[in-house]
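Trainee: One structure follows; several queries about it will come next.
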Amino acid sequence: MSHNFDIQSTKQGTVQILRIKGFLDAHTAHILERTIEEKVKAKEFSIIVNFKDLDYISSAGLGVFMVFIEEIRSGGGDIKLVEMKPKVFTVFDLLGFPMLFDILPNEQEAVSKFQV
Amino acid sequence: MGTLLSQFFVSLQRTTKQPLARIAIIGILSKLALDSVSVIMPASLEWLLMPFIPLLGIGSLVMWVAAVRKDEECIDLELSDREQPLQLSNMISTIAFIMLIVLIVSNTVVSFLGSSSMTIVSMAVFDLLILAFFAVTGDVFRILRRLLVLRRSSSTKLTTRVTLLFVAAFLLFSTLHFVFGIVDAMAIVISCGGLAALWFFVRLNQNDWINSLQRKEKISLLRRTIFSLFTCLLVPGLLIHDSVDGNNGLESAYLSIGFCLVFASGIYGAALSRLFFSILFSLPTAQFIDRRNYEVESLIELNRLALSDTSIENIVTTIMFRAMEATRAEGAWCEALSPQSSDYIVLASAVLTEEHIAWFHRSSEFETKVLRSQEQILISNVEDDHSLAYLAKFPQPLARSVLAMPLFAGQKRVAMLVLVKRDAYGFQGDDLRILRAFQHNVKIALDNAKLLRESIENERIKRELSLASSMQNTMLPQTLPDIAGFDIDIRCVPAAEVGGDYYDFVQLENGMWCAIIGDVSGKGIPAAFYMAHVKGIVLSLAGMAKSPRDFLIKVNNALYGNMEKHAYITMSVCMFDTDAKELVLVRGGHCPTFLKQNRAVAVVTPKGLGIGLAGNSLFIPTLQEMHIPYSEGDIAYFFTDGVSEAKNNTDEEFGYEPILNVLRGVQDGETSKAMNETILQELRVFVGDAPQHDDITSVVVRCVDSQLQNSLLTSSSHEQRQETDR
């Protein structure tokens, strides 16, 4: 695919923040999957994924969030999704993700939720 | 010895197939008979035989030469350059061998008999000698051709003619002078002979085919040539010596025949001596020429490999042996490089055992200095370098000089080739140059091998995908059920890549028909596989489900935990409750359903999670079932995200709005088929020539008067999903 996908990984306290950018589809999903896998292996269970710069997500991209969620939650953590564009949110919403994940407006809220 | 004799008989057999050659043999045998008769004949009657003996001898010779000239088989043009010289030297040796045997026999016979009958007996033996000589003349002729005109240039013919002219003149005048004493032409004879010889040797460079021979072939040819030359010069010497006292008429006639042999062997000897000098002169440069030849051969072989061989191991092995021969290395191995220094895989090795190679790896210095080198490296004497001196100290001296060359495939260094010699300073700068010369070809061969393997793999995957795609098509229903009161049209446009769209019609426990539309997450083989899985589950569970909601719960229960974690399925189920005049709709994470009722168009999105995302404890409470009463003229539209997310060339999505617009504009009585076509036409116009990335499934359901429907059925139910536009 010609579309780019990029992850910028930062850490705020004990919370991992992944800022994803571009197109998340069948061709790029493995990049995100590998990144989250690394965090999980390092026992970093508090993860925020920032969708601010994500333009597109496909069904394969959505699947990535399901792969580790059980392990992360059983490890006492969570994946929180923030700053979704309306178009991206629609995709999550149709699938019922709001019932499975915390989808929040910004990183601050997500971080403070982790600290509760 | 055996091969020479068999060569002789092969030649004999080959040339005597010609009728002319047979006549010639008969002639020689008759002459032999006449010789015998002349021994017992009184001397006064000898004059009667005198004309016949030379006539038969010369006649036979002429016949023979004519026969040989016609003998096409003699000129074996199929012999390769490599085989020619060997064939040639075999023939030369055969003739020399025969001549020697005959000479020994004749001299033995002569020494047993008294001097009175000496000339007659020796001449009879010479006749036999001529016979033997003739036997191989077919091949002699060929050899002469080879020696004189091989590798023709434009001047070859002229040169040969000039030479033959001098020789002919020499023969003519010497015969006149020596045999008949008619002309006193000693000066002419000498000058003709001298000129012929001079011309002959001036054109020495004509034997340039010798240059392309390998050094060892040259030496072998030279040995045989010396041997043959010696015999060739011996024959005329002995003949002339033996015939000094034969002075009566008959003996002179014999001698004239004998001289045929003398001359023949003389020409032959001249050709051989020319060959001898040619070889001798080309010997000093032989080594360099060998090397050039070898380079050319190596490159040809590498090119051949590059075009044919797909195995990197084969290529590497060939390269190793070629490099070894080219540099005259005494041992070599080729190893694959691994990031860990302690780890290496030997791809090929020659002479050196595993133990030897392990010895090389003992020191990390060797690894960093040689094995990790990005370039060719030459260590002339390991003892100059303390860290490498251990290499010479293996139980037996192992390597005092080392030459290493990395092999590349693409930009990647795939292997290291190491050549070793026991002696210090064993490799020369030239060896590095040779290796460099075929390093590029090695790279091409390896690149090709890699590309070929990749394209074979791609081809295989493509085939499997197309198989999966056609299998998937067979999983979709081929005909639609007749559902009273509904006009349904389905279109499915599969993407080039296997997708996961799925639709079906099933009957629930209560006998009501349900339309199912679904989409498996992801693409390719996994999606196709899950789709098949889903179809099985749907068919087995539908008959037990009490309602669409119950059905989806059962499906989720069956699938959750039984798929890969990132895989899920979205699905909408719509039951046509013809008793209650209701559409019963559930949605498991799928795209919304569009409804047109009373001229108003609505997007209907009942709550529900995608299937396989969560267990029933979360799935059940969030799953909403909608009951929508319908009346004639109502329209429901179902689709997969392949429709709404179809993109044009500027990456815009088709979205919902164009579909909603089509639905708004629908005229009364417009069939499902027409509506679906309008929607897909809009979609095609929007997308233009942008590639299709996902399956497209588009379903239009129109509620009609059930009485009216029968007439519509024929036009609707068989028009589905045959649209494969690429």
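Identifiers in this document derive from the order of the structure tokens: chains are assigned A, B, ..., residues are numbered from 1 separately in each chain, and ligands are numbered from 1 in order of occurrence.
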With a cut-off of 10 Å and counting only C-alpha atoms, select all residues of chain A in contact with chain B and give the selection as a list in words.
Mentor: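 The answer, sorted by residue number, is Asp25, Ala26, His27, Ala29, Glu33, Ser58, Ser59, Ala60, Gly61, Leu62, Gly63, Val64, Phe65, Met66, Val67, Phe68, Ile69, Glu70, Val91, Phe92, Asp93, Leu94, Leu95, Gly96, Phe97, Pro98, Met99 and Leu100 of chain A.
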Trainee: What residues in chain A get the DSSP label strand (DSSP E)? Please answer as a VMD selection string.
Mentor: chain A and resid 5 to 12 15 to 24 46 to 57 78 to 82 102 to 104
Trainee: Using only C-alpha atoms for the distances, tell me which of A:Val88, A:Val40, A:Asn106, A:Leu18 is nearest to Gly75 of chain A.
Mentor: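 Distance minimum relative to Gly75 of chain A lands on A:Val40.
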Trainee: What is the atom CA of Val700 of chain B to atom CA of Leu663 of chain B distance in Å?
Mentor: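 Separation between atom CA of Val700 of chain B and atom CA of Leu663 of chain B: 10.0 Å.
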Trainee: Go through segment 487-706 of chain B and collect every residue that DSSP, computed from the backbone, puts in helix (DSSP H, G or I); the answer should be as an NGL selection string.
Mentor: :B and (524-542 or 548-559 or 616-622 or 641-644 or 657-664 or 672-687 or 706)
Trainee: Measure the distance from atom CA of Lys80 of chain A to atom CA of Phe5 of chain A in Å and round it to one decimal.
Mentor: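 Separation between atom CA of Lys80 of chain A and atom CA of Phe5 of chain A: 19.7 Å.
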Trainee: Using only C-alpha atoms for the distances, tell me which of A:Lys113, A:Lys85, A:Lys11, A:Lys21 is nearest to Leu54 of chain A.
Mentor: A:Lys21
Trainee: Write out as a ChimeraX atom specification which residues come within 9 Å of Val498 of chain B when counting only C-alpha atoms, dropping same-chain ones fewer than 6 positions away.
Mentor: /B:465-466,468-469,472,523-525,527-528,694-695
Trainee: Nearest to Ser74 of chain A among A:Ile48, A:Lys43, A:Pro105, A:Tyr56, with distances taken over only C-alpha atoms: which residue is it?
Mentor: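 Using only C-alpha atoms, Ser74 of chain A sits closest to A:Lys43.
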